[in-house]
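Coordinates from data_30.cif are shown below (mmCIF, C-alpha atoms).
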data_coords
loop_
_atom_site.group_PDB
_atom_site.id
_atom_site.type_symbol
_atom_site.label_atom_id
_atom_site.label_comp_id
_atom_site.auth_asym_id
_atom_site.auth_seq_id
_atom_site.Cartn_x
_atom_site.Cartn_y
_atom_site.Cartn_z
ATOM 1 C CA MET A 257 102.745 148.272 166.120
ATOM 2 C CA ILE A 258 100.071 146.933 163.762
ATOM 3 C CA THR A 259 98.474 150.375 163.485
ATOM 4 C CA ASN A 260 101.791 152.006 162.602
ATOM 5 C CA ALA A 261 102.597 149.200 160.147
ATOM 6 C CA LEU A 262 99.220 149.677 158.455
ATOM 7 C CA LEU A 263 99.764 153.435 158.297
ATOM 8 C CA VAL A 264 103.191 152.991 156.673
ATOM 9 C CA ALA A 265 101.784 150.494 154.164
ATOM 10 C CA VAL A 266 98.953 152.864 153.172
ATOM 11 C CA VAL A 267 101.331 155.810 152.683
ATOM 12 C CA PHE A 268 103.683 153.610 150.668
ATOM 13 C CA LEU A 269 100.789 152.359 148.516
ATOM 14 C CA VAL A 270 99.508 155.878 147.805
ATOM 15 C CA CYS A 271 102.971 157.044 146.729
ATOM 16 C CA ARG A 272 103.364 154.023 144.445
ATOM 17 C CA LEU A 273 99.950 154.612 142.868
ATOM 18 C CA THR A 274 100.904 158.150 141.869
ATOM 19 C CA VAL A 275 103.421 156.642 139.427
ATOM 20 C CA TYR A 276 100.601 155.023 137.397
ATOM 21 C CA GLN A 277 97.461 157.035 138.130
ATOM 22 C CA MET A 278 98.921 160.507 137.553
ATOM 23 C CA PRO A 279 102.052 162.098 136.031
ATOM 24 C CA ASN A 280 105.055 160.413 137.623
ATOM 25 C CA LEU A 281 106.172 162.824 140.348
ATOM 26 C CA MET A 282 108.700 160.307 141.769
ATOM 27 C CA LEU A 283 106.878 160.328 145.101
ATOM 28 C CA ASP A 284 108.045 156.795 145.838
ATOM 29 C CA ARG A 285 111.703 157.870 145.890
ATOM 30 C CA PRO A 286 113.509 157.849 149.273
ATOM 31 C CA ILE A 287 114.121 161.614 149.219
ATOM 32 C CA PHE A 288 110.340 162.193 149.425
ATOM 33 C CA LEU A 289 109.000 159.012 151.006
ATOM 34 C CA GLY A 290 111.514 159.057 153.879
ATOM 35 C CA PRO A 291 110.512 162.487 155.273
ATOM 36 C CA LEU A 292 106.833 161.682 154.671
ATOM 37 C CA LEU A 293 107.028 158.470 156.696
ATOM 38 C CA GLY A 294 109.039 160.261 159.377
ATOM 39 C CA PHE A 295 106.340 162.921 159.618
ATOM 40 C CA VAL A 296 103.576 160.310 159.851
ATOM 41 C CA LEU A 297 105.443 158.368 162.561
ATOM 42 C CA GLY A 298 106.322 161.477 164.552
ATOM 43 C CA ASP A 299 110.061 161.768 163.813
ATOM 44 C CA PHE A 300 110.495 163.982 160.770
ATOM 45 C CA GLU A 301 114.239 164.477 161.309
ATOM 46 C CA THR A 302 115.031 160.758 161.240
ATOM 47 C CA GLY A 303 112.895 160.358 158.113
ATOM 48 C CA CYS A 304 114.844 163.125 156.387
ATOM 49 C CA LEU A 305 118.213 161.636 157.362
ATOM 50 C CA ILE A 306 117.373 158.122 156.202
ATOM 51 C CA GLY A 307 115.601 159.324 153.059
ATOM 52 C CA ALA A 308 118.557 161.471 152.015
ATOM 53 C CA GLN A 309 121.114 158.718 152.635
ATOM 54 C CA LEU A 310 119.073 156.056 150.835
ATOM 55 C CA GLU A 311 118.563 158.443 147.915
ATOM 56 C CA LEU A 312 122.348 158.681 147.603
ATOM 57 C CA ILE A 313 122.575 154.885 147.594
ATOM 58 C CA TYR A 314 119.817 154.398 145.004
ATOM 59 C CA MET A 315 120.250 157.612 143.009
ATOM 60 C CA GLY A 316 121.423 155.694 139.940
ATOM 61 C CA VAL A 317 118.667 153.071 140.166
ATOM 62 C CA VAL A 318 115.927 153.539 137.570
ATOM 63 C CA VAL A 319 113.059 151.315 136.468
ATOM 64 C CA VAL A 320 112.925 150.349 132.792
ATOM 65 C CA GLY A 321 109.690 148.439 132.300
ATOM 66 C CA THR A 322 109.939 145.835 135.023
ATOM 67 C CA ALA A 323 113.735 145.714 135.034
ATOM 68 C CA THR A 324 115.458 147.275 138.026
ATOM 69 C CA SER A 325 118.305 146.338 140.316
ATOM 70 C CA ALA A 326 116.567 147.362 143.559
ATOM 71 C CA ASP A 327 113.380 148.856 144.973
ATOM 72 C CA PRO A 328 114.304 152.095 146.776
ATOM 73 C CA GLY A 329 110.750 152.672 147.994
ATOM 74 C CA ALA A 330 110.566 149.354 149.828
ATOM 75 C CA ALA A 331 113.980 149.958 151.403
ATOM 76 C CA VAL A 332 112.995 153.327 152.853
ATOM 77 C CA ALA A 333 109.571 151.997 153.911
ATOM 78 C CA ILE A 334 111.440 149.439 156.021
ATOM 79 C CA ALA A 335 114.335 151.609 157.234
ATOM 80 C CA VAL A 336 112.392 154.597 158.590
ATOM 81 C CA PRO A 337 109.889 152.614 160.725
ATOM 82 C CA PHE A 338 112.644 150.311 161.995
ATOM 83 C CA ALA A 339 114.698 153.287 163.122
ATOM 84 C CA ILE A 340 111.777 155.138 164.729
ATOM 85 C CA LEU A 341 109.682 152.299 166.164
ATOM 86 C CA ASN A 342 112.392 149.774 167.042
ATOM 87 C CA ASN A 343 115.080 152.082 168.439
ATOM 88 C CA LEU A 344 117.648 151.365 165.725
ATOM 89 C CA SER A 345 120.249 153.920 164.753
ATOM 90 C CA VAL A 346 120.099 155.496 161.317
ATOM 91 C CA ASN A 347 123.100 153.523 160.071
ATOM 92 C CA GLU A 348 121.759 150.236 161.486
ATOM 93 C CA ALA A 349 118.391 150.765 159.797
ATOM 94 C CA ILE A 350 120.077 151.583 156.475
ATOM 95 C CA ALA A 351 122.373 148.555 156.632
ATOM 96 C CA ILE A 352 119.376 146.278 157.291
ATOM 97 C CA SER A 353 117.078 147.847 154.690
ATOM 98 C CA VAL A 354 119.489 147.812 151.729
ATOM 99 C CA PRO A 355 119.400 143.992 151.303
ATOM 100 C CA ILE A 356 115.614 144.150 151.641
ATOM 101 C CA GLY A 357 115.508 146.693 148.813
ATOM 102 C CA TYR A 358 117.346 144.290 146.537
ATOM 103 C CA LEU A 359 115.213 141.349 147.673
ATOM 104 C CA CYS A 360 112.012 143.234 146.825
ATOM 105 C CA THR A 361 112.992 143.309 143.142
ATOM 106 C CA VAL A 362 111.708 139.730 142.972
ATOM 107 C CA LEU A 363 108.256 140.847 144.108
ATOM 108 C CA PHE A 364 108.456 143.881 141.819
ATOM 109 C CA ALA A 365 109.020 141.595 138.824
ATOM 110 C CA LEU A 366 105.989 139.476 139.829
ATOM 111 C CA GLU A 367 103.576 142.419 139.744
ATOM 112 C CA PRO A 368 102.966 142.397 135.955
ATOM 113 C CA VAL A 369 102.790 138.592 136.021
ATOM 114 C CA PHE A 370 99.971 138.867 138.527
ATOM 115 C CA GLY A 371 98.312 141.516 136.371
ATOM 116 C CA GLU A 372 98.260 139.243 133.319
ATOM 117 C CA ILE A 373 95.784 136.995 135.113
ATOM 118 C CA PHE A 374 93.159 139.735 134.742
ATOM 119 C CA THR A 375 93.883 140.488 131.084
ATOM 120 C CA PRO A 376 90.851 138.502 129.791
ATOM 121 C CA ILE A 377 88.572 140.608 132.004
ATOM 122 C CA VAL A 378 89.999 143.810 130.558
ATOM 123 C CA ASP A 379 89.672 142.438 127.020
ATOM 124 C CA SER A 380 86.004 141.578 127.593
ATOM 125 C CA PHE A 381 85.183 145.183 128.517
ATOM 126 C CA MET A 382 87.140 146.471 125.511
ATOM 127 C CA ASP A 383 85.238 144.111 123.165
ATOM 128 C CA LYS A 384 81.993 145.569 124.504
ATOM 129 C CA ASP A 385 83.279 149.173 124.134
ATOM 130 C CA ASP A 386 82.522 149.590 127.825
ATOM 131 C CA TYR A 387 84.853 152.460 128.643
ATOM 132 C CA ARG A 388 83.540 152.916 132.187
ATOM 133 C CA GLY A 389 83.977 149.232 133.042
ATOM 134 C CA TRP A 390 87.428 149.122 131.458
ATOM 135 C CA THR A 391 88.498 152.199 133.428
ATOM 136 C CA PHE A 392 87.165 150.754 136.686
ATOM 137 C CA VAL A 393 88.954 147.423 136.144
ATOM 138 C CA GLY A 394 92.178 149.157 135.071
ATOM 139 C CA ILE A 395 92.303 151.346 138.178
ATOM 140 C CA GLY A 396 91.367 148.439 140.434
ATOM 141 C CA LEU A 397 94.023 146.251 138.853
ATOM 142 C CA SER A 398 96.655 148.944 139.393
ATOM 143 C CA ILE A 399 95.723 149.157 143.071
ATOM 144 C CA VAL A 400 95.925 145.372 143.461
ATOM 145 C CA GLU A 401 99.288 145.147 141.675
ATOM 146 C CA GLU A 402 100.849 148.047 143.546
ATOM 147 C CA ALA A 403 99.584 146.685 146.882
ATOM 148 C CA ILE A 404 101.850 143.617 146.746
ATOM 149 C CA LEU A 405 104.958 145.361 148.118
ATOM 150 C CA PRO A 406 103.080 147.493 150.701
ATOM 151 C CA ILE A 407 101.431 144.313 152.034
ATOM 152 C CA CYS A 408 104.869 142.708 152.425
ATOM 153 C CA VAL A 409 106.107 145.843 154.183
ATOM 154 C CA PHE A 410 103.101 145.701 156.515
ATOM 155 C CA PHE A 411 103.840 142.114 157.585
ATOM 156 C CA ALA A 412 107.559 142.867 157.950
ATOM 157 C CA LEU A 413 106.859 145.798 160.270
ATOM 158 C CA ALA A 414 103.929 144.258 162.159
ATOM 159 C CA PHE A 415 105.542 140.920 162.940
ATOM 160 C CA GLY A 416 109.245 141.350 162.256
ATOM 161 C CA GLY A 417 110.084 144.645 163.915
ATOM 162 C CA ASN A 418 110.419 143.286 167.439
ATOM 163 C CA LEU A 419 112.418 140.310 166.174
ATOM 164 C CA VAL A 420 114.839 142.617 164.396
ATOM 165 C CA GLU A 421 115.196 144.802 167.488
ATOM 166 C CA THR A 422 115.837 141.773 169.696
ATOM 167 C CA PHE A 423 118.315 140.329 167.220
ATOM 168 C CA VAL A 424 120.252 143.588 166.857
ATOM 169 C CA ASN A 425 120.405 144.109 170.617
ATOM 170 C CA SER A 426 121.803 140.587 171.059
ATOM 171 C CA LEU A 427 124.707 141.198 168.697
ATOM 172 C CA PRO A 428 128.204 141.828 170.102
ATOM 173 C CA SER A 429 129.425 145.402 170.116
ATOM 174 C CA PHE A 430 132.066 144.845 167.441
ATOM 175 C CA ILE A 431 129.420 143.555 165.002
ATOM 176 C CA LEU A 432 127.196 146.551 165.733
ATOM 177 C CA ASP A 433 130.160 148.826 165.114
ATOM 178 C CA GLY A 434 130.671 147.113 161.757
ATOM 179 C CA ILE A 435 126.993 147.516 160.853
ATOM 180 C CA ASN A 436 127.113 151.220 161.696
ATOM 181 C CA VAL A 437 130.267 151.707 159.637
ATOM 182 C CA ALA A 438 128.724 149.835 156.701
ATOM 183 C CA GLY A 439 125.575 151.945 156.945
ATOM 184 C CA SER A 440 127.575 155.170 156.918
ATOM 185 C CA VAL A 441 129.718 154.041 153.960
ATOM 186 C CA LEU A 442 126.836 152.866 151.734
ATOM 187 C CA PRO A 443 125.725 156.395 150.665
ATOM 188 C CA ALA A 444 129.292 157.157 149.560
ATOM 189 C CA VAL A 445 129.376 153.895 147.598
ATOM 190 C CA GLY A 446 126.088 154.733 145.857
ATOM 191 C CA LEU A 447 127.296 158.217 144.996
ATOM 192 C CA ALA A 448 130.594 156.802 143.709
ATOM 193 C CA ILE A 449 128.760 154.354 141.437
ATOM 194 C CA LEU A 450 126.641 157.164 139.992
ATOM 195 C CA THR A 451 129.682 159.423 139.566
ATOM 196 C CA SER A 452 131.571 156.686 137.716
ATOM 197 C CA GLN A 453 128.708 156.530 135.183
ATOM 198 C CA LEU A 454 128.789 160.296 134.604
ATOM 199 C CA TRP A 455 132.559 160.767 134.822
ATOM 200 C CA SER A 456 134.284 162.736 132.068
ATOM 201 C CA LYS A 457 137.214 165.129 131.702
ATOM 202 C CA LYS A 458 134.872 168.103 131.990
ATOM 203 C CA ALA A 459 133.131 166.658 135.056
ATOM 204 C CA SER A 460 136.477 166.041 136.745
ATOM 205 C CA ILE A 461 137.288 169.773 136.572
ATOM 206 C CA PHE A 462 134.092 170.710 138.416
ATOM 207 C CA PHE A 463 134.550 167.844 140.879
ATOM 208 C CA LEU A 464 138.052 168.981 141.834
ATOM 209 C CA PHE A 465 136.892 172.599 141.930
ATOM 210 C CA GLY A 466 134.140 171.752 144.424
ATOM 211 C CA PHE A 467 136.465 169.552 146.483
ATOM 212 C CA PHE A 468 139.104 172.257 146.919
ATOM 213 C CA LEU A 469 136.462 174.878 147.703
ATOM 214 C CA MET A 470 135.090 172.772 150.555
ATOM 215 C CA LYS A 471 138.512 171.620 151.732
ATOM 216 C CA TYR A 472 140.387 174.929 151.879
ATOM 217 C CA MET A 473 137.636 177.561 152.074
ATOM 218 C CA GLU A 474 135.351 175.543 154.398
ATOM 219 C CA ILE A 475 132.195 176.759 152.682
ATOM 220 C CA ASP A 476 128.766 175.336 153.422
ATOM 221 C CA VAL A 477 127.468 172.444 151.295
ATOM 222 C CA MET A 478 124.292 174.354 150.452
ATOM 223 C CA PHE A 479 126.301 177.334 149.221
ATOM 224 C CA LEU A 480 128.379 174.961 147.075
ATOM 225 C CA ALA A 481 125.139 173.548 145.637
ATOM 226 C CA PHE A 482 124.033 177.071 144.641
ATOM 227 C CA ILE A 483 127.389 177.627 142.917
ATOM 228 C CA ALA A 484 126.952 174.329 141.048
ATOM 229 C CA ALA A 485 123.423 175.338 140.001
ATOM 230 C CA PHE A 486 124.641 178.655 138.564
ATOM 231 C CA ILE A 487 127.466 176.903 136.709
ATOM 232 C CA ALA A 488 124.974 174.413 135.265
ATOM 233 C CA LEU A 489 122.662 177.245 134.151
ATOM 234 C CA MET A 490 125.550 179.092 132.512
ATOM 235 C CA ASP A 491 126.613 175.901 130.711
ATOM 236 C CA ALA A 492 123.050 175.294 129.488
ATOM 237 C CA TYR A 493 122.727 178.924 128.350
ATOM 238 C CA ASN A 494 126.002 178.732 126.392
ATOM 239 C CA TYR A 495 124.893 175.487 124.776
ATOM 240 C CA MET A 496 121.583 177.019 123.661
ATOM 241 C CA GLU A 497 123.413 180.072 122.275
ATOM 242 C CA GLN A 498 125.814 177.894 120.290
ATOM 243 C CA LYS A 499 122.914 175.844 118.957
ATOM 244 C CA LYS A 500 121.092 179.017 117.904
ATOM 245 C CA ARG A 501 124.178 180.419 116.155
ATOM 246 C CA LEU A 502 124.749 177.129 114.340
ATOM 247 C CA ALA A 503 121.149 177.183 113.080
ATOM 248 C CA GLU A 504 121.591 180.763 111.810
ATOM 249 C CA ILE A 505 124.814 179.837 110.004
ATOM 250 C CA GLN A 506 123.138 176.855 108.356
ATOM 251 C CA LEU A 507 120.169 179.030 107.348
ATOM 252 C CA GLN A 508 122.468 181.608 105.764
ATOM 253 C CA ALA A 509 124.464 178.949 103.936
ATOM 254 C CA ALA A 510 121.401 177.184 102.542
ATOM 255 C CA PRO A 511 120.560 179.668 99.703
ATOM 256 C CA ALA A 512 124.156 179.659 98.520
ATOM 257 C CA ASP A 513 124.140 175.876 98.252
ATOM 258 C CA ILE A 514 120.894 175.956 96.289
ATOM 259 C CA ASN A 515 122.323 178.531 93.852
ATOM 260 C CA GLU A 516 125.437 176.424 93.307
ATOM 261 C CA GLU A 517 123.283 173.400 92.482
ATOM 262 C CA GLU A 518 121.121 175.431 90.066
ATOM 263 C CA ASP A 519 124.244 176.772 88.338
ATOM 264 C CA PHE A 520 125.651 173.263 88.016
ATOM 265 C CA PHE A 521 122.513 171.802 86.428
ATOM 266 C CA ALA A 522 122.086 174.876 84.193
#
Could you take the file, read its structure, and then write that structure out as structure tokens?
Amino acid sequence: MITNALLVAVVFLVCRLTVYQMPNLMLDRPIFLGPLLGFVLGDFETGCLIGAQLELIYMGVVVVGTATSADPGAAVAIAVPFAILNNLSVNEAIAISVPIGYLCTVLFALEPVFGEIFTPIVDSFMDKDDYRGWTFVGIGLSIVEEAILPICVFFALAFGGNLVETFVNSLPSFILDGINVAGSVLPAVGLAILTSQLWSKKASIFFLFGFFLMKYMEIDVMFLAFIAAFIALMDAYNYMEQKKRLAEIQLQAAPADINEEEDFFA
């Protein structure tokens, strides 16, 4: 268990470091981290299922500075190993990991506070114009800061996994049924929250169009996604064409305006 917990923590740390040490590829999002952890732990399918469902839950969660409502990466780093290593169902693992994702925001907010302790060291290298030393300290500080959550995940998996499994197995069947239902409903709730933020009269037309296509024509979800992609491309193309035409009209009208001003002042 400790070896698997250490492996999960290292993978989680590497994905978090990519946000700061290279262009942000969003590798710490559930849609990527879930399948990656599933592959590392030997159950790629479970990793994909949990990653996709947690991505729906946290799709509208973004980090602005240090302000965020949840930590999706920590949630999936807990959910996937719990499901694979502790024989939990997908819905049980999701229901347990979601509160942990919100709890980890406290640790996420403490990361820059911890980093401020080392600010005088960074300033000393900058005063000396020591670029190599400043770079070394900056990278090392990033690793230390980003390791806080992976370390917590390591201890949770290494010493809490068996406790969680024992606790879940001791629950009555009706409570387990409720946990599974809650876990299956949470992705729909997350998607509904995101949809409410993007809702408009135009979006409602496409939403109803997609709903009736799936309901009455029984088409595949992937095929519906391709249709949506083509509609989005057509909408973007029309927008660019309208913008180009508007620029041409303004360019043609500009000389006439200048002539009118010259005639007025003449």
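For the pair atom CA of Ile399 of chain A and atom CA of Arg272 of chain A, the separation is 9.2 Å.
With all atoms listed in the file as the atoms that count, the minimum distance from Cys271 of chain A to the choices A:Glu402, A:Glu311, A:Asp383, A:Asp433 is reached by A:Glu402.
Distance check against Gly396 of chain A using all atoms listed in the file: of A:Ile377, A:Ala412, A:Leu281, A:Val266, the minimum falls on A:Ile377.
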> Nearest to Ala331 of chain A: which of A:Leu405, A:Ile373, A:Ile475, A:Leu263 is it, counting all atoms listed in the file?
Replying inline: A:Leu405
Find the spatial neighbours of Leu305 of chain A, counting all atoms listed in the file, within a cut-off of 12 Å - ignore same-chain residues fewer than 6 positions away - and output them as an mmCIF file with C-alpha atoms, in the coordinates of the input.
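File selection16.cif, as written:
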data_model
loop_
_atom_site.group_PDB
_atom_site.id
_atom_site.type_symbol
_atom_site.label_atom_id
_atom_site.label_comp_id
_atom_site.auth_asym_id
_atom_site.auth_seq_id
_atom_site.Cartn_x
_atom_site.Cartn_y
_atom_site.Cartn_z
ATOM 1 C CA PRO A 286 113.509 157.849 149.273
ATOM 2 C CA ILE A 287 114.121 161.614 149.219
ATOM 3 C CA PHE A 288 110.340 162.193 149.425
ATOM 4 C CA LEU A 289 109.000 159.012 151.006
ATOM 5 C CA GLY A 290 111.514 159.057 153.879
ATOM 6 C CA PRO A 291 110.512 162.487 155.273
ATOM 7 C CA LEU A 292 106.833 161.682 154.671
ATOM 8 C CA LEU A 293 107.028 158.470 156.696
ATOM 9 C CA GLY A 294 109.039 160.261 159.377
ATOM 10 C CA ASP A 299 110.061 161.768 163.813
ATOM 11 C CA GLU A 311 118.563 158.443 147.915
ATOM 12 C CA LEU A 312 122.348 158.681 147.603
ATOM 13 C CA VAL A 332 112.995 153.327 152.853
ATOM 14 C CA ALA A 335 114.335 151.609 157.234
ATOM 15 C CA VAL A 336 112.392 154.597 158.590
ATOM 16 C CA ALA A 339 114.698 153.287 163.122
ATOM 17 C CA ILE A 340 111.777 155.138 164.729
ATOM 18 C CA SER A 345 120.249 153.920 164.753
ATOM 19 C CA VAL A 346 120.099 155.496 161.317
ATOM 20 C CA ASN A 347 123.100 153.523 160.071
ATOM 21 C CA ALA A 349 118.391 150.765 159.797
ATOM 22 C CA ILE A 350 120.077 151.583 156.475
ATOM 23 C CA SER A 440 127.575 155.170 156.918
ATOM 24 C CA PRO A 443 125.725 156.395 150.665
#
>> Expand the PyMOL selection byres ((chain A and resi 464-468) around 12) into the explicit residue set it covers here, and present it as an MDAnalysis selection string.
In response: chainID A and resid 457:463 469:484 487
>> Just want the 6 Å neighbourhood of segment 390-395 of chain A, counted on all atoms listed in the file, with same-chain residues fewer than 3 positions away dropped. Output as JSON, numbers by chain.
In response: {"A": [378, 381, 387, 398]}
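Atom CA of Ala265 of chain A to atom CA of Ile407 of chain A spans 6.5 Å [interatomic distance, one decimal].
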>> I'd like the residues picked by the PyMOL selection byres ((chain A and resi 413) around 12) written out as JSON, numbers by chain, using the chain letters and numbers from the file.
In response: {"A": [257, 258, 259, 260, 261, 262, 263, 264, 265, 330, 333, 334, 335, 336, 337, 338, 339, 340, 341, 342, 353, 406, 407, 408, 409, 410, 411, 412, 414, 415, 416, 417, 418, 419, 420, 421]}
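Between atom CA of Ile352 of chain A and atom CA of Ala403 of chain A there is a distance of 22.4 Å.
Candidate residues A:Glu348, A:Thr375, A:Thr451, A:Ala488 were compared for distance to Ile431 of chain A, and the nearest is A:Glu348, using all atoms listed in the file.
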> Which residue gives the smallest distance to Met282 of chain A among A:Val400, A:Gln506, A:Met315, A:Ser380, with only C-alpha atoms counted?
Replying inline: A:Met315
